[in-house]
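Undergrad: Please read through the structure below; I'll follow up with questions.
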Amino acid sequence: MPSVWQCRPIVSGVREDVFAEDVTGVVEAGMGDGERYIGVAERRARLALRHRLAGAARAASPEEVAGSLVALHGTDPATVYLAVGARLADPARTVAETGRALYEDRALVRMHGMRHTVFVFPTELTAVVHASTGLAVAARERAALLKQMAAAGAPDATWLKEVEESALAALARRGQATAAELAEDEPRLREQFVYAAGKSYEGLHTVSTRLLRVLGVEGKVVRGRPLGSWTSSQFRWAVAPAHSELDPAEAQASLLGRWLAVCGPATEADLKWWTGWRVTDVRRALTAIGARPVSLDEGTGYVVDGDVGPVAEPDEPWAALLPGLDPTAMGWQQRDWYLAPELRSALFDRSGNVGPTVWWNGRVVGGWAQRADGEIVWRLLDRDGVGAEAEAAIAQEAGRLRGWVGTTRVTPRFRTPLEKELAGA
């Protein structure tokens, strides 16, 4: 029988599955002299084209979508596929092609990233993400695990390192495996310890669960194929793709530059929120890439060098149905330029996670849901400038979504008031 140890509670890290709607950041005030003003209309045009949402800007593959957006939120597995499908010119093969990119070609990888959250990245960004955002969190996670185990009378770091090396070797032999399968090769993974003994939140933790999480944050393992369909939240594990060790500051500059090229202009508060870094790290990275200041309605924003000039409008009006936690809806901390504050109570849960949204020409105008019979239903919450043309385009997008989702039923992991109402929950 595996051992059971006890330990006292230790607070560490950030909840992986929570996006805070408001975080402490740096909010700029005022506009700098000589800075070009970028208004709401232009910001929406940039979003339409660079986020692959306007009809002519849609992508040919999941790799193009992920490369354009830098990261797809992966806490809810269905979000990855729904976000890709909304941006493909031909969404019919969304499930097959996204699965291929993730699990056959390994062109995309699901791993911990910004804000201690799981994302799907292009594989070539693995080293950049790990060095820019993962190292500090990984050190805290391992230290917390060792402290908790020591408090429970569990074995020490040497023992844990032996188990880790054995588990990684077993995973390399298997290719992909669940925690239970790895425990067949390394029985010590079944050992347990009690966390927060005597507290209302006392829990029994298994070494395998906690160790694999730490190894994920450290960039040593990544999520593999799900145990069920593409909506399943249960995954196998795989050894992380090999990558070089980068200088953290250089990696931060690289990641921030990629994101700003897609999502700029953005304020320091936006950048601090999206990355989860200290404001000093954000400012250092902005300097390193030679970011250019511009004036926004909320103050000073930044774009990459060479991106100050105006951009073309999309050729035609566009509509989109984006999933909960979509990277566009969650791309900025300050969202009033594309999402009216009065809509938030219906479209966000209490932790700040956005639900499924309906878009028209660069702004959120409502929400959608899937009912038990598979029907895609939607409701407009903001009718300003939304006429018959918009409603017809939204209905077309709903039909497009229903067409490729087929018989699969998708329930967002974080349910919002409007989504639950529309779904009949």
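By convention here, the chains of the structure tokens are called A, B, ... in the order presented, each chain's residues are numbered starting at 1, and ligands are numbered starting at 1 in the order presented.
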Write down as a PyMOL selection string the residues of region 61-213 of chain A whose backbone DSSP state falls under helix (DSSP H, G or I).
TA: chain A and resi 62-69+77-85+91-104+114-116+123-151+157-174+179-185+187-190+207-213
Undergrad: Please, which residues in region 296-392 of chain A fall within 9 Å of region 252-274 of chain A when counting only C-alpha atoms, and what is the closest atom pair and distance in Å to one decimal for each, ordered by chain then residue number, as JSON lines?
TA:
{"residue": "A:Leu296", "atom": "CA", "partner": "A:Pro265", "partner_atom": "CA", "distance": 8.1}
{"residue": "A:Glu298", "atom": "CA", "partner": "A:Thr267", "partner_atom": "CA", "distance": 8.4}
{"residue": "A:Gly299", "atom": "CA", "partner": "A:Thr267", "partner_atom": "CA", "distance": 7.7}
{"residue": "A:Thr300", "atom": "CA", "partner": "A:Thr267", "partner_atom": "CA", "distance": 6.2}
{"residue": "A:Gly301", "atom": "CA", "partner": "A:Thr267", "partner_atom": "CA", "distance": 4.2}
{"residue": "A:Tyr302", "atom": "CA", "partner": "A:Pro265", "partner_atom": "CA", "distance": 5.0}
{"residue": "A:Val303", "atom": "CA", "partner": "A:Pro265", "partner_atom": "CA", "distance": 4.9}
{"residue": "A:Val304", "atom": "CA", "partner": "A:Ala261", "partner_atom": "CA", "distance": 5.9}
{"residue": "A:Asp307", "atom": "CA", "partner": "A:Ala261", "partner_atom": "CA", "distance": 7.8}
{"residue": "A:Val308", "atom": "CA", "partner": "A:Pro265", "partner_atom": "CA", "distance": 8.8}
{"residue": "A:Thr328", "atom": "CA", "partner": "A:Cys263", "partner_atom": "CA", "distance": 8.7}
{"residue": "A:Met330", "atom": "CA", "partner": "A:Trp274", "partner_atom": "CA", "distance": 8.5}
{"residue": "A:Gly331", "atom": "CA", "partner": "A:Trp274", "partner_atom": "CA", "distance": 6.9}
{"residue": "A:Trp332", "atom": "CA", "partner": "A:Asp270", "partner_atom": "CA", "distance": 5.1}
{"residue": "A:Gln333", "atom": "CA", "partner": "A:Asp270", "partner_atom": "CA", "distance": 4.9}
{"residue": "A:Gln334", "atom": "CA", "partner": "A:Asp270", "partner_atom": "CA", "distance": 6.5}
Undergrad: So, with only C-alpha atoms as the atoms that count, which of A:Ala138, A:Ala249, A:Gln148, A:Val109 lies closest to Trp237 (chain A)?
TA: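 Looking at the shortest contact to Trp237 (chain A), the residue is A:Val109.
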Undergrad: Each residue of region 238-343 of chain A with at least one atom at most 12 Å from region 98-106 of chain A should appear once, together with its nearest atom pair and the corresponding distance in Å (one decimal); atoms considered: only C-alpha atoms; ordering: chain, then increasing residue number; output as a Markdown table.
TA:
| residue | atom | partner | partner_atom | distance |
| --- | --- | --- | --- | --- |
| A:Ala238 | CA | A:Tyr103 | CA | 10.0 |
| A:Val239 | CA | A:Arg106 | CA | 11.7 |
| A:Ala240 | CA | A:Arg106 | CA | 10.3 |
| A:Pro241 | CA | A:Arg106 | CA | 8.7 |
| A:Ala242 | CA | A:Arg106 | CA | 11.9 |
Undergrad: So which one's closest to Gly55 (chain A), A:Tyr37, A:Trp318, A:Trp230, A:Tyr195? Using only C-alpha atoms, please.
TA: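 The answer is A:Trp318, which sits nearest to Gly55 (chain A).
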Undergrad: Restrict the calculation to only C-alpha atoms, then for each residue of region 219-335 of chain A with any atom at most 12 Å from an atom of region 75-86 of chain A give the closest atom pair and their distance in Å to one decimal, rows by chain and rising residue number, as CSV.
TA:
residue,atom,partner,partner_atom,distance
A:Arg223,CA,A:Pro77,CA,10.8
A:Gly224,CA,A:Pro77,CA,11.7
A:Arg225,CA,A:Pro77,CA,10.9
A:Pro226,CA,A:Pro77,CA,9.0
A:Leu227,CA,A:Pro77,CA,11.8
A:Gly228,CA,A:Pro77,CA,11.1
A:Ser229,CA,A:Ala78,CA,9.5
A:Trp230,CA,A:Ala78,CA,6.5
A:Thr231,CA,A:Ala78,CA,4.7
A:Ser232,CA,A:Pro77,CA,6.5
A:Ser233,CA,A:Pro77,CA,6.0
A:Gln234,CA,A:Pro77,CA,9.2
A:Phe235,CA,A:Pro77,CA,9.7
A:Trp318,CA,A:Ala86,CA,11.8
A:Ala319,CA,A:Ala86,CA,10.0
A:Ala320,CA,A:Ala86,CA,6.8
A:Leu321,CA,A:Ala86,CA,6.8
A:Leu322,CA,A:Ala83,CA,6.3
A:Pro323,CA,A:Thr79,CA,5.9
A:Gly324,CA,A:Thr79,CA,6.5
A:Leu325,CA,A:Thr79,CA,6.8
A:Asp326,CA,A:Ala83,CA,6.2
A:Pro327,CA,A:Ala83,CA,7.9
A:Thr328,CA,A:Ala83,CA,9.2
A:Ala329,CA,A:Ala83,CA,10.7
Undergrad: Can you tell me how far CA of Pro155 (chain A) sits from CA of Thr206 (chain A), in Å to one decimal?
TA: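 It comes out at 13.3 Å.
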Undergrad: Nearest to Arg50 (chain A): which of A:Gly362, A:Asp384, A:Glu124, A:Ala372 is it, counting only C-alpha atoms?
TA: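 Nearest to Arg50 (chain A): A:Gly362.
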Undergrad: Give me the residues near Leu135 (chain A) as a ChimeraX atom specification, where near means some atom within 12 Å (using only C-alpha atoms) and where sequence neighbours in that chain fewer than 5 positions away do not count.
TA: /A:112-114,116,127-130,140-142,214-220,245-249,251-252,277
Undergrad: Pull N, CA, C and O atoms from the residues just selected and write them as a JSON list (two decimals), in the first residue's frame.
TA:
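Ended up saving to out31.json:
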[["chain", "number", "residue", "atom", "x", "y", "z"],
["A", 112, "HIS", "N", 2.19, 25.09, -20.02],
["A", 112, "HIS", "CA", 2.00, 26.24, -19.16],
["A", 112, "HIS", "C", 2.70, 27.46, -19.76],
["A", 112, "HIS", "O", 3.78, 27.36, -20.32],
["A", 113, "GLY", "N", 2.04, 28.61, -19.61],
["A", 113, "GLY", "CA", 2.61, 29.83, -20.12],
["A", 113, "GLY", "C", 2.30, 31.01, -19.23],
["A", 113, "GLY", "O", 2.44, 30.94, -18.01],
["A", 114, "MET", "N", 1.84, 32.08, -19.82],
["A", 114, "MET", "CA", 1.61, 33.32, -19.10],
["A", 114, "MET", "C", 0.59, 33.13, -17.98],
["A", 114, "MET", "O", -0.37, 32.39, -18.11],
["A", 116, "HIS", "N", 0.65, 31.54, -15.33],
["A", 116, "HIS", "CA", 0.53, 30.19, -14.77],
["A", 116, "HIS", "C", -0.68, 29.47, -15.36],
["A", 116, "HIS", "O", -1.37, 28.70, -14.68],
["A", 127, "ALA", "N", 10.78, 27.38, -26.19],
["A", 127, "ALA", "CA", 11.91, 27.91, -25.42],
["A", 127, "ALA", "C", 11.65, 29.33, -24.97],
["A", 127, "ALA", "O", 11.98, 29.71, -23.84],
["A", 128, "VAL", "N", 11.04, 30.14, -25.83],
["A", 128, "VAL", "CA", 10.75, 31.54, -25.50],
["A", 128, "VAL", "C", 9.75, 31.62, -24.34],
["A", 128, "VAL", "O", 9.95, 32.39, -23.39],
["A", 129, "VAL", "N", 8.69, 30.84, -24.41],
["A", 129, "VAL", "CA", 7.67, 30.87, -23.35],
["A", 129, "VAL", "C", 8.26, 30.38, -22.03],
["A", 129, "VAL", "O", 8.04, 30.98, -20.98],
["A", 130, "HIS", "N", 9.02, 29.30, -22.10],
["A", 130, "HIS", "CA", 9.58, 28.74, -20.87],
["A", 130, "HIS", "C", 10.52, 29.74, -20.19],
["A", 130, "HIS", "O", 10.42, 29.99, -18.99],
["A", 140, "ARG", "N", 9.14, 28.36, -7.76],
["A", 140, "ARG", "CA", 8.19, 28.46, -6.63],
["A", 140, "ARG", "C", 7.38, 27.18, -6.48],
["A", 140, "ARG", "O", 7.14, 26.72, -5.36],
["A", 141, "GLU", "N", 6.96, 26.61, -7.60],
["A", 141, "GLU", "CA", 6.14, 25.39, -7.54],
["A", 141, "GLU", "C", 6.91, 24.22, -6.93],
["A", 141, "GLU", "O", 6.39, 23.48, -6.09],
["A", 142, "ARG", "N", 8.16, 24.03, -7.35],
["A", 142, "ARG", "CA", 8.95, 22.92, -6.80],
["A", 142, "ARG", "C", 9.24, 23.15, -5.32],
["A", 142, "ARG", "O", 9.14, 22.22, -4.52],
["A", 214, "VAL", "N", 4.35, 20.09, -11.60],
["A", 214, "VAL", "CA", 5.61, 20.82, -11.48],
["A", 214, "VAL", "C", 6.46, 20.62, -12.73],
["A", 214, "VAL", "O", 7.03, 21.57, -13.27],
["A", 215, "LEU", "N", 6.53, 19.40, -13.23],
["A", 215, "LEU", "CA", 7.32, 19.12, -14.44],
["A", 215, "LEU", "C", 6.74, 19.87, -15.64],
["A", 215, "LEU", "O", 7.49, 20.28, -16.54],
["A", 216, "GLY", "N", 5.42, 20.05, -15.65],
["A", 216, "GLY", "CA", 4.80, 20.82, -16.73],
["A", 216, "GLY", "C", 5.21, 22.27, -16.69],
["A", 216, "GLY", "O", 5.55, 22.88, -17.71],
["A", 217, "VAL", "N", 5.18, 22.85, -15.49],
["A", 217, "VAL", "CA", 5.58, 24.25, -15.34],
["A", 217, "VAL", "C", 7.07, 24.42, -15.66],
["A", 217, "VAL", "O", 7.50, 25.44, -16.20],
["A", 218, "GLU", "N", 7.86, 23.41, -15.34],
["A", 218, "GLU", "CA", 9.30, 23.46, -15.61],
["A", 218, "GLU", "C", 9.63, 23.22, -17.08],
["A", 218, "GLU", "O", 10.80, 23.31, -17.49],
["A", 219, "GLY", "N", 8.62, 22.90, -17.89],
["A", 219, "GLY", "CA", 8.85, 22.70, -19.31],
["A", 219, "GLY", "C", 9.44, 21.34, -19.65],
["A", 219, "GLY", "O", 10.00, 21.17, -20.74],
["A", 220, "LYS", "N", 9.30, 20.37, -18.75],
["A", 220, "LYS", "CA", 9.85, 19.04, -19.01],
["A", 220, "LYS", "C", 8.81, 18.09, -19.61],
["A", 220, "LYS", "O", 9.17, 17.13, -20.29],
["A", 245, "GLU", "N", 18.16, 26.63, -23.91],
["A", 245, "GLU", "CA", 17.93, 27.52, -22.78],
["A", 245, "GLU", "C", 18.26, 28.95, -23.20],
["A", 245, "GLU", "O", 19.36, 29.24, -23.66],
["A", 246, "LEU", "N", 17.28, 29.84, -23.05],
["A", 246, "LEU", "CA", 17.45, 31.22, -23.48],
["A", 246, "LEU", "C", 17.62, 32.15, -22.29],
["A", 246, "LEU", "O", 17.19, 31.84, -21.17],
["A", 247, "ASP", "N", 18.20, 33.28, -22.54],
["A", 247, "ASP", "CA", 18.28, 34.32, -21.52],
["A", 247, "ASP", "C", 16.87, 34.84, -21.25],
["A", 247, "ASP", "O", 16.16, 35.20, -22.20],
["A", 248, "PRO", "N", 16.43, 34.89, -19.99],
["A", 248, "PRO", "CA", 15.06, 35.32, -19.69],
["A", 248, "PRO", "C", 14.70, 36.69, -20.25],
["A", 248, "PRO", "O", 13.60, 36.88, -20.79],
["A", 249, "ALA", "N", 15.59, 37.66, -20.12],
["A", 249, "ALA", "CA", 15.29, 39.00, -20.61],
["A", 249, "ALA", "C", 15.14, 39.01, -22.13],
["A", 249, "ALA", "O", 14.23, 39.67, -22.67],
["A", 251, "ALA", "N", 14.23, 36.45, -23.93],
["A", 251, "ALA", "CA", 13.00, 35.72, -24.22],
["A", 251, "ALA", "C", 11.78, 36.60, -23.98],
["A", 251, "ALA", "O", 10.81, 36.56, -24.75],
["A", 252, "GLN", "N", 11.82, 37.42, -22.94],
["A", 252, "GLN", "CA", 10.71, 38.32, -22.69],
["A", 252, "GLN", "C", 10.55, 39.33, -23.81],
["A", 252, "GLN", "O", 9.43, 39.62, -24.25],
["A", 277, "TRP", "N", 3.94, 39.47, -15.96],
["A", 277, "TRP", "CA", 5.26, 39.89, -15.49],
["A", 277, "TRP", "C", 5.16, 41.11, -14.58],
["A", 277, "TRP", "O", 4.11, 41.75, -14.50]]
Undergrad: Let me make sure I understand: among A:Arg278, A:Arg413, A:Lys161, A:Arg43, which one has the smallest atom-to-atom distance to Gly74 (chain A) if we use only C-alpha atoms?
TA: A:Arg413
Undergrad: Please report the interatomic distance between CA of Leu286 (chain A) and CA of Glu35 (chain A) in Å with one decimal.
TA: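 That distance, rounded to one decimal, is 16.2 Å.
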Undergrad: Compare A:Gln396, A:Gln370, A:Thr94, A:Thr123 by their minimum atom-to-atom distance to Ala423 (chain A), counting only C-alpha atoms, and give me the closest one.
TA: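 Among A:Gln396, A:Gln370, A:Thr94, A:Thr123, it is A:Gln370 that comes nearest to Ala423 (chain A).
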